[in-house]
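**Q** Here's a structure for you.
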Amino acid sequence: MNVLVIVVDDLRPVLGCYGDKLVKSPNIDQLASQSVVFTNAYAQQAVCAPSRVSFLTGRRPDTTRLYDFYSYWRVHSGNYSTIPQYFKENGYVTLSVGKVFHPGVSSNYSDDYPYSWSIPPFHPSTEKYENDKTCRGKDGKLYANLVCPVDVTEMPRGTLPDIESTEEAIHLLNVMKTSKQKFFLAVGYHKPHIPLRYPQEFLKLYPLENITLAPDPWVPEKLPSVAYNPWMDVRQRDDVKALNVSFPYGLLPRHFQRQIRQSYYAAVSYLDTQVGLLLNALDDVGLSNSTLVVFTADHGWSLGEHGEWAKYSNFDVATHVPLMFYVPGMTTSSVTQGERVFPYLDPFSHILDLAPPGRSKNVVVELVSLFPTLAELAGLQVPPVCPETSFHVALCTEGASIVRYFDASEEKDGCDDTYGCLSEEPVAFSQYPRPADTPQWNSDKPRLKDIRIMGYSLRTVDYRYTLWVRFNPDNFSADFEDVHAGELYMVETDPNQDCNIYNNTLHGVFFKRILGFLKH
């Protein structure tokens with residue numbers, strides 16, 4: 001099998017295949033209809049670099065020791081193998097397009113080339129304009145706005161980064177078709193990461209009168225102050241700055257909240273067209289019957305829930321991600337050569353007959369499981385489970401393969417005593433660092449030296465339990481005898497996580513579980 005991995009930046013599961021009634025995402029929904037879809041998948045830290053390094057190495061942030069953007073794991077923690085490196089060592093041509101690793105220090109300014117990739121990774125030439133003043137205001141002047149629908153012909157070089165990435169990925173598919181070598185192609189899309197800059201015609205899909213506010217657009221009264229993220233990157237955009245919202249808990253005006261939500265949805269539909277063109281090209285080159293496709297995101301993004309925007313928290317809205325696997329002959333009946341599996345669907349003309357997800361799985365899973373899962377699906381030897389301390393071990397994984405859930409019968413049990421499986425049901429483990437107990441200018445993205453508290457969060461099918469404990473950045477240790485705050489939300493009665501019952505619940509059993517998990 002060839003492998004195509006599609007990683008999206010900041011995409012929460014607002015997709016038709018995840019039950020969202022407003023969004024128009026026909027191409028991703030079409031992929032879902034041929035895939036196993038995990039509806040309860042979670043990232044290990046809700047910020048780009050730590051999440052990506054975690055799932056690409058199969059290690060949790062406490063093992064990569066990357067909680068910010070400023071260290072390269074091979075130097076800073078251990079020389080861990082990555083998913084593409086493992087495929088490369090097993091005879092695959094490995095190719096990277098767009099944002100796969102987070103660029104910069106955390107991937108050695110090279111996207112981990114040459115360890116992970118056969119040729120230098122491709123980055124769109126227009127990426128560098130992302131944060132420039134390219135958004136035309138009502139006064140005709142250009143601004144660096146958050147909400148930024150644009151006329152693509154007026155953009156630098158007449159294009160946008162994700163359009164360039166799709167074109168390059170299609171070019172590489174054509175090259176691989178003629179070379180007849182097996183390949184691992186990772187394509188990283190930027191949108192819906194801020195700024196919400198996308199072709200303006202996508203606004204037509206979402207009339208403002210159809211856009212609602214978040215179901216809980218206020219700061220919950222029992223939310224510990226350490227848990228709140230003050231969305232500094234959003235505040236720094238020109239259009240948000242002009243609103244002069246008080247720090248940290250001031251709410252954005254309702255009309256503007258609806259505009260942000262409208263533009264996020266429009267950016268998702270723009271992304272959907274790019275995914276559609278890419279998958280259509282897989283059909284064109286005749287490789288849909290021999291290519292495994294994974295679709296996921298590095299983390300979610302809060303759209304006004306709890307009075308918050310952006311990621312940077314342990315809530316579901318920040319950690320919950322889409323995750324689906326298309327495996328020819330396994331998730332679908334065998335595809336004959338030349339048969340079209342992914343015809344391109346135009347969101348502007350496609351009648352939304354919500355394609356049912358191929359097979360939907362409600363079991364709780366984690367992105368750190370991607371490495372062993374992909375290895376198993378591709379027929380490679382599954383990397384061993386990491387020992388308790390694994391800084392010296394180059395190849396091992398802290399997530400367990402989730403291929404066992406692909407067959408419906410396995411979902412209830414799901415435990416074969418592998419790592420991350422605790423005697424009971426499966427759990428997802430996330431964490432987030434903070435510099436202080438109250439919101440600061442650097443609460444969203446504290447540098448390692450400034451981290452004083454770590455929020456460890458356990459998500460099961462029934463609850464989310466989070467402990468904020470003292471953390472020492474000098475020796476990377478967490479002190480569970482010094483608990484600064486706690487959160488407990490029951491999924492069934494409080495799906496939006498607004499009613500923190502930590503202080504009026506006996507939570508010894510949860511505390512034992514989180515400690516047991518960390519001891520593993």
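Starting from 1 in every chain, residues are counted up; chains themselves are A, B, ... following the order of the structure tokens, and ligands are numbered from 1 as listed.
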Using DSSP on the backbone, list every residue of segment 67-168 of chain A that comes out as alpha helix (DSSP H), and give them as a PDB file with all heavy atoms, in the first residue's frame.
**A**
```pdb
ATOM      1  N   TRP A  73      13.531  17.709  19.173  1.00  0.00           N
ATOM      2  CA  TRP A  73      13.544  16.530  20.055  1.00  0.00           C
ATOM      3  C   TRP A  73      14.807  15.695  19.935  1.00  0.00           C
ATOM      4  O   TRP A  73      15.293  15.152  20.921  1.00  0.00           O
ATOM      5  CB  TRP A  73      12.292  15.672  19.804  1.00  0.00           C
ATOM      6  CG  TRP A  73      12.338  14.829  18.566  1.00  0.00           C
ATOM      7  CD1 TRP A  73      12.782  13.542  18.459  1.00  0.00           C
ATOM      8  CD2 TRP A  73      11.965  15.224  17.236  1.00  0.00           C
ATOM      9  NE1 TRP A  73      12.706  13.106  17.154  1.00  0.00           N
ATOM     10  CE2 TRP A  73      12.207  14.118  16.379  1.00  0.00           C
ATOM     11  CE3 TRP A  73      11.444  16.393  16.666  1.00  0.00           C
ATOM     12  CZ2 TRP A  73      11.949  14.150  15.014  1.00  0.00           C
ATOM     13  CZ3 TRP A  73      11.186  16.430  15.312  1.00  0.00           C
ATOM     14  CH2 TRP A  73      11.438  15.322  14.487  1.00  0.00           C
ATOM     15  N   ARG A  74      15.408  15.583  18.741  1.00  0.00           N
ATOM     16  CA  ARG A  74      16.575  14.696  18.585  1.00  0.00           C
ATOM     17  C   ARG A  74      17.754  15.184  19.429  1.00  0.00           C
ATOM     18  O   ARG A  74      18.625  14.390  19.820  1.00  0.00           O
ATOM     19  CB  ARG A  74      16.977  14.615  17.103  1.00  0.00           C
ATOM     20  CG  ARG A  74      15.944  13.901  16.233  1.00  0.00           C
ATOM     21  CD  ARG A  74      16.467  13.694  14.811  1.00  0.00           C
ATOM     22  NE  ARG A  74      15.415  13.283  13.886  1.00  0.00           N
ATOM     23  CZ  ARG A  74      15.026  12.014  13.700  1.00  0.00           C
ATOM     24  NH1 ARG A  74      15.610  11.039  14.374  1.00  0.00           N
ATOM     25  NH2 ARG A  74      14.062  11.731  12.845  1.00  0.00           N
ATOM     26  N   VAL A  75      17.775  16.496  19.700  1.00  0.00           N
ATOM     27  CA  VAL A  75      18.861  17.075  20.493  1.00  0.00           C
ATOM     28  C   VAL A  75      18.455  17.176  21.956  1.00  0.00           C
ATOM     29  O   VAL A  75      19.237  16.925  22.873  1.00  0.00           O
ATOM     30  CB  VAL A  75      19.174  18.502  19.945  1.00  0.00           C
ATOM     31  CG1 VAL A  75      20.154  19.233  20.851  1.00  0.00           C
ATOM     32  CG2 VAL A  75      19.688  18.410  18.517  1.00  0.00           C
ATOM     33  N   HIS A  76      17.184  17.503  22.180  1.00  0.00           N
ATOM     34  CA  HIS A  76      16.703  17.948  23.486  1.00  0.00           C
ATOM     35  C   HIS A  76      16.211  16.796  24.369  1.00  0.00           C
ATOM     36  O   HIS A  76      16.281  16.879  25.587  1.00  0.00           O
ATOM     37  CB  HIS A  76      15.570  18.938  23.196  1.00  0.00           C
ATOM     38  CG  HIS A  76      14.897  19.553  24.366  1.00  0.00           C
ATOM     39  ND1 HIS A  76      15.524  20.447  25.191  1.00  0.00           N
ATOM     40  CD2 HIS A  76      13.635  19.425  24.840  1.00  0.00           C
ATOM     41  CE1 HIS A  76      14.669  20.841  26.120  1.00  0.00           C
ATOM     42  NE2 HIS A  76      13.522  20.232  25.930  1.00  0.00           N
ATOM     43  N   ILE A  83       7.266   8.652  12.013  1.00  0.00           N
ATOM     44  CA  ILE A  83       6.474   7.809  11.099  1.00  0.00           C
ATOM     45  C   ILE A  83       7.101   7.806   9.694  1.00  0.00           C
ATOM     46  O   ILE A  83       7.399   6.737   9.151  1.00  0.00           O
ATOM     47  CB  ILE A  83       5.000   8.270  11.027  1.00  0.00           C
ATOM     48  CG1 ILE A  83       4.333   8.222  12.403  1.00  0.00           C
ATOM     49  CG2 ILE A  83       4.217   7.418  10.030  1.00  0.00           C
ATOM     50  CD1 ILE A  83       2.918   8.799  12.444  1.00  0.00           C
ATOM     51  N   PRO A  84       7.327   8.993   9.067  1.00  0.00           N
ATOM     52  CA  PRO A  84       7.905   8.940   7.718  1.00  0.00           C
ATOM     53  C   PRO A  84       9.288   8.295   7.683  1.00  0.00           C
ATOM     54  O   PRO A  84       9.633   7.584   6.734  1.00  0.00           O
ATOM     55  CB  PRO A  84       7.949  10.405   7.276  1.00  0.00           C
ATOM     56  CG  PRO A  84       7.761  11.219   8.507  1.00  0.00           C
ATOM     57  CD  PRO A  84       6.993  10.376   9.466  1.00  0.00           C
ATOM     58  N   GLN A  85      10.095   8.504   8.720  1.00  0.00           N
ATOM     59  CA  GLN A  85      11.423   7.888   8.778  1.00  0.00           C
ATOM     60  C   GLN A  85      11.303   6.366   8.760  1.00  0.00           C
ATOM     61  O   GLN A  85      12.047   5.670   8.055  1.00  0.00           O
ATOM     62  CB  GLN A  85      12.133   8.342  10.058  1.00  0.00           C
ATOM     63  CG  GLN A  85      13.510   7.727  10.274  1.00  0.00           C
ATOM     64  CD  GLN A  85      14.139   8.184  11.581  1.00  0.00           C
ATOM     65  OE1 GLN A  85      13.579   9.018  12.298  1.00  0.00           O
ATOM     66  NE2 GLN A  85      15.298   7.642  11.909  1.00  0.00           N
ATOM     67  N   TYR A  86      10.346   5.840   9.507  1.00  0.00           N
ATOM     68  CA  TYR A  86      10.147   4.391   9.578  1.00  0.00           C
ATOM     69  C   TYR A  86       9.723   3.830   8.219  1.00  0.00           C
ATOM     70  O   TYR A  86      10.205   2.787   7.780  1.00  0.00           O
ATOM     71  CB  TYR A  86       9.088   4.075  10.649  1.00  0.00           C
ATOM     72  CG  TYR A  86       8.973   2.607  10.995  1.00  0.00           C
ATOM     73  CD1 TYR A  86      10.079   1.889  11.438  1.00  0.00           C
ATOM     74  CD2 TYR A  86       7.754   1.945  10.890  1.00  0.00           C
ATOM     75  CE1 TYR A  86       9.978   0.537  11.769  1.00  0.00           C
ATOM     76  CE2 TYR A  86       7.635   0.595  11.217  1.00  0.00           C
ATOM     77  CZ  TYR A  86       8.751  -0.107  11.657  1.00  0.00           C
ATOM     78  OH  TYR A  86       8.642  -1.435  11.983  1.00  0.00           O
ATOM     79  N   PHE A  87       8.847   4.573   7.535  1.00  0.00           N
ATOM     80  CA  PHE A  87       8.434   4.132   6.195  1.00  0.00           C
ATOM     81  C   PHE A  87       9.605   4.233   5.205  1.00  0.00           C
ATOM     82  O   PHE A  87       9.800   3.361   4.359  1.00  0.00           O
ATOM     83  CB  PHE A  87       7.221   4.945   5.719  1.00  0.00           C
ATOM     84  CG  PHE A  87       5.910   4.383   6.214  1.00  0.00           C
ATOM     85  CD1 PHE A  87       5.459   4.663   7.494  1.00  0.00           C
ATOM     86  CD2 PHE A  87       5.137   3.559   5.409  1.00  0.00           C
ATOM     87  CE1 PHE A  87       4.256   4.129   7.967  1.00  0.00           C
ATOM     88  CE2 PHE A  87       3.933   3.019   5.860  1.00  0.00           C
ATOM     89  CZ  PHE A  87       3.492   3.309   7.143  1.00  0.00           C
ATOM     90  N   LYS A  88      10.398   5.286   5.350  1.00  0.00           N
ATOM     91  CA  LYS A  88      11.571   5.466   4.472  1.00  0.00           C
ATOM     92  C   LYS A  88      12.555   4.307   4.667  1.00  0.00           C
ATOM     93  O   LYS A  88      13.084   3.742   3.702  1.00  0.00           O
ATOM     94  CB  LYS A  88      12.218   6.814   4.813  1.00  0.00           C
ATOM     95  CG  LYS A  88      13.392   7.203   3.952  1.00  0.00           C
ATOM     96  CD  LYS A  88      13.809   8.644   4.279  1.00  0.00           C
ATOM     97  CE  LYS A  88      15.113   8.989   3.625  1.00  0.00           C
ATOM     98  NZ  LYS A  88      16.088   9.578   4.540  1.00  0.00           N
ATOM     99  N   GLU A  89      12.766   3.943   5.937  1.00  0.00           N
ATOM    100  CA  GLU A  89      13.686   2.837   6.231  1.00  0.00           C
ATOM    101  C   GLU A  89      13.132   1.494   5.742  1.00  0.00           C
ATOM    102  O   GLU A  89      13.867   0.524   5.614  1.00  0.00           O
ATOM    103  CB  GLU A  89      13.968   2.781   7.745  1.00  0.00           C
ATOM    104  CG  GLU A  89      14.886   3.922   8.194  1.00  0.00           C
ATOM    105  CD  GLU A  89      14.880   4.139   9.709  1.00  0.00           C
ATOM    106  OE1 GLU A  89      14.119   3.440  10.416  1.00  0.00           O
ATOM    107  OE2 GLU A  89      15.627   5.023  10.168  1.00  0.00           O
ATOM    108  N   PRO A 161      -1.533  29.671  -0.177  1.00  0.00           N
ATOM    109  CA  PRO A 161      -0.650  28.536   0.130  1.00  0.00           C
ATOM    110  C   PRO A 161      -1.288  27.162  -0.075  1.00  0.00           C
ATOM    111  O   PRO A 161      -0.654  26.260  -0.636  1.00  0.00           O
ATOM    112  CB  PRO A 161      -0.291  28.764   1.602  1.00  0.00           C
ATOM    113  CG  PRO A 161      -0.410  30.240   1.801  1.00  0.00           C
ATOM    114  CD  PRO A 161      -1.528  30.680   0.906  1.00  0.00           C
ATOM    115  N   ASP A 162      -2.523  26.974   0.382  1.00  0.00           N
ATOM    116  CA  ASP A 162      -3.130  25.637   0.259  1.00  0.00           C
ATOM    117  C   ASP A 162      -3.390  25.244  -1.190  1.00  0.00           C
ATOM    118  O   ASP A 162      -3.343  24.061  -1.543  1.00  0.00           O
ATOM    119  CB  ASP A 162      -4.425  25.553   1.082  1.00  0.00           C
ATOM    120  CG  ASP A 162      -4.150  25.472   2.583  1.00  0.00           C
ATOM    121  OD1 ASP A 162      -2.994  25.185   2.961  1.00  0.00           O
ATOM    122  OD2 ASP A 162      -5.080  25.694   3.379  1.00  0.00           O
ATOM    123  N   ILE A 163      -3.653  26.228  -2.029  1.00  0.00           N
ATOM    124  CA  ILE A 163      -3.835  25.944  -3.463  1.00  0.00           C
ATOM    125  C   ILE A 163      -2.505  25.445  -4.037  1.00  0.00           C
ATOM    126  O   ILE A 163      -2.447  24.449  -4.780  1.00  0.00           O
ATOM    127  CB  ILE A 163      -4.336  27.205  -4.212  1.00  0.00           C
ATOM    128  CG1 ILE A 163      -5.733  27.595  -3.707  1.00  0.00           C
ATOM    129  CG2 ILE A 163      -4.335  26.976  -5.727  1.00  0.00           C
ATOM    130  CD1 ILE A 163      -6.244  28.947  -4.220  1.00  0.00           C
ATOM    131  N   GLU A 164      -1.409  26.128  -3.656  1.00  0.00           N
ATOM    132  CA  GLU A 164      -0.070  25.708  -4.110  1.00  0.00           C
ATOM    133  C   GLU A 164       0.271  24.297  -3.623  1.00  0.00           C
ATOM    134  O   GLU A 164       0.853  23.494  -4.361  1.00  0.00           O
ATOM    135  CB  GLU A 164       0.992  26.674  -3.569  1.00  0.00           C
ATOM    136  CG  GLU A 164       1.054  28.020  -4.244  1.00  0.00           C
ATOM    137  CD  GLU A 164       2.300  28.763  -3.783  1.00  0.00           C
ATOM    138  OE1 GLU A 164       2.233  29.465  -2.755  1.00  0.00           O
ATOM    139  OE2 GLU A 164       3.345  28.624  -4.429  1.00  0.00           O
ATOM    140  N   SER A 165      -0.098  24.004  -2.366  1.00  0.00           N
ATOM    141  CA  SER A 165       0.211  22.674  -1.808  1.00  0.00           C
ATOM    142  C   SER A 165      -0.537  21.582  -2.566  1.00  0.00           C
ATOM    143  O   SER A 165       0.027  20.523  -2.871  1.00  0.00           O
ATOM    144  CB  SER A 165      -0.156  22.615  -0.320  1.00  0.00           C
ATOM    145  OG  SER A 165       0.736  23.418   0.422  1.00  0.00           O
ATOM    146  N   THR A 166      -1.805  21.832  -2.894  1.00  0.00           N
ATOM    147  CA  THR A 166      -2.574  20.841  -3.646  1.00  0.00           C
ATOM    148  C   THR A 166      -1.928  20.597  -5.005  1.00  0.00           C
ATOM    149  O   THR A 166      -1.770  19.445  -5.442  1.00  0.00           O
ATOM    150  CB  THR A 166      -4.035  21.314  -3.841  1.00  0.00           C
ATOM    151  OG1 THR A 166      -4.601  21.550  -2.548  1.00  0.00           O
ATOM    152  CG2 THR A 166      -4.870  20.276  -4.565  1.00  0.00           C
ATOM    153  N   GLU A 167      -1.528  21.681  -5.672  1.00  0.00           N
ATOM    154  CA  GLU A 167      -0.907  21.547  -7.003  1.00  0.00           C
ATOM    155  C   GLU A 167       0.371  20.725  -6.919  1.00  0.00           C
ATOM    156  O   GLU A 167       0.625  19.845  -7.753  1.00  0.00           O
ATOM    157  CB  GLU A 167      -0.626  22.939  -7.596  1.00  0.00           C
ATOM    158  CG  GLU A 167      -1.909  23.655  -8.033  1.00  0.00           C
ATOM    159  CD  GLU A 167      -1.710  25.155  -8.295  1.00  0.00           C
ATOM    160  OE1 GLU A 167      -0.616  25.689  -7.976  1.00  0.00           O
ATOM    161  OE2 GLU A 167      -2.659  25.785  -8.801  1.00  0.00           O
ATOM    162  N   GLU A 168       1.193  20.992  -5.898  1.00  0.00           N
ATOM    163  CA  GLU A 168       2.447  20.247  -5.744  1.00  0.00           C
ATOM    164  C   GLU A 168       2.182  18.780  -5.418  1.00  0.00           C
ATOM    165  O   GLU A 168       2.834  17.877  -5.959  1.00  0.00           O
ATOM    166  CB  GLU A 168       3.306  20.889  -4.640  1.00  0.00           C
ATOM    167  CG  GLU A 168       4.595  20.140  -4.327  1.00  0.00           C
ATOM    168  CD  GLU A 168       5.600  20.111  -5.475  1.00  0.00           C
ATOM    169  OE1 GLU A 168       5.457  20.896  -6.454  1.00  0.00           O
ATOM    170  OE2 GLU A 168       6.555  19.307  -5.404  1.00  0.00           O
TER     171      GLU A 168
END
```
**Q** Hey, what does DSSP flag as strand (DSSP E) within segment 309-483 of chain A? Can you give it to me as an MDAnalysis selection string?
**A** chainID A and resid 309:310 320:326 359:366 428:434 453:459 463:472 477:483
**Q** Enumerate, in order of chain and increasing residue number, the residues of segment 224-272 of chain A with an atom no farther than 12 Å from segment 13-26 of chain A, each with its shortest atom pair and distance in Å to one decimal, counting only C-alpha atoms, as a tab-separated table.
**A**
```
residue	atom	partner	partner_atom	distance
A:Arg261	CA	A:Val23	CA	10.9
A:Gln262	CA	A:Val23	CA	9.8
A:Ser263	CA	A:Val23	CA	11.3
A:Tyr264	CA	A:Val14	CA	9.5
A:Tyr265	CA	A:Val23	CA	6.2
A:Ala266	CA	A:Val23	CA	8.2
A:Ala267	CA	A:Val23	CA	10.3
A:Val268	CA	A:Ser25	CA	7.3
A:Ser269	CA	A:Ser25	CA	5.6
A:Tyr270	CA	A:Ser25	CA	8.8
A:Leu271	CA	A:Ser25	CA	8.6
A:Asp272	CA	A:Ser25	CA	5.5
```
**Q** Find the spatial neighbours of segment 341-350 of chain A, counting only C-alpha atoms, within a cut-off of 12 Å - ignore same-chain residues fewer than 3 positions away - and output them as a PyMOL selection string.
**A** chain A and resi 16+23-35+201-206+266+268-291+293+326-328+332-338+353-355
**Q** Within 10 Å of segment 216-232 of chain A, which residues of segment 239-313 of chain A come that close, and what is the closest atom pair and distance in Å for each? Count only C-alpha atoms and give it as a Markdown table.
**A**
```
| residue | atom | partner | partner_atom | distance |
| --- | --- | --- | --- | --- |
| A:Phe247 | CA | A:Pro230 | CA | 7.4 |
| A:Pro248 | CA | A:Pro230 | CA | 5.5 |
| A:Tyr249 | CA | A:Pro230 | CA | 7.2 |
| A:Gly250 | CA | A:Val219 | CA | 9.3 |
| A:Leu251 | CA | A:Trp218 | CA | 7.5 |
| A:Leu252 | CA | A:Pro217 | CA | 9.5 |
| A:Arg254 | CA | A:Pro217 | CA | 9.2 |
| A:Gln257 | CA | A:Pro217 | CA | 9.1 |
| A:Ser302 | CA | A:Trp231 | CA | 9.6 |
| A:Leu303 | CA | A:Pro217 | CA | 8.6 |
| A:Gly304 | CA | A:Pro217 | CA | 5.3 |
| A:Glu305 | CA | A:Pro217 | CA | 4.9 |
| A:His306 | CA | A:Val219 | CA | 4.5 |
| A:Gly307 | CA | A:Trp218 | CA | 4.4 |
| A:Glu308 | CA | A:Asn229 | CA | 6.7 |
| A:Trp309 | CA | A:Trp231 | CA | 5.6 |
| A:Ala310 | CA | A:Trp231 | CA | 5.9 |
| A:Lys311 | CA | A:Trp231 | CA | 7.9 |
| A:Tyr312 | CA | A:Asn229 | CA | 6.1 |
| A:Ser313 | CA | A:Asn229 | CA | 6.3 |
```
**Q** For Arg459 of chain A, find every residue with an atom within 9 Å (counting only C-alpha atoms), except residues of its own chain fewer than 4 positions away, and show them as a ChimeraX atom specification.
**A** /A:42,316,364,426-430,463-466
**Q** Nearest to Pro384 of chain A among A:Ile211, A:Ala400, A:Ala297, A:Val245, with distances taken over only C-alpha atoms: which residue is it?
**A**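 That would be A:Ala400, the residue with the smallest distance to Pro384 of chain A.
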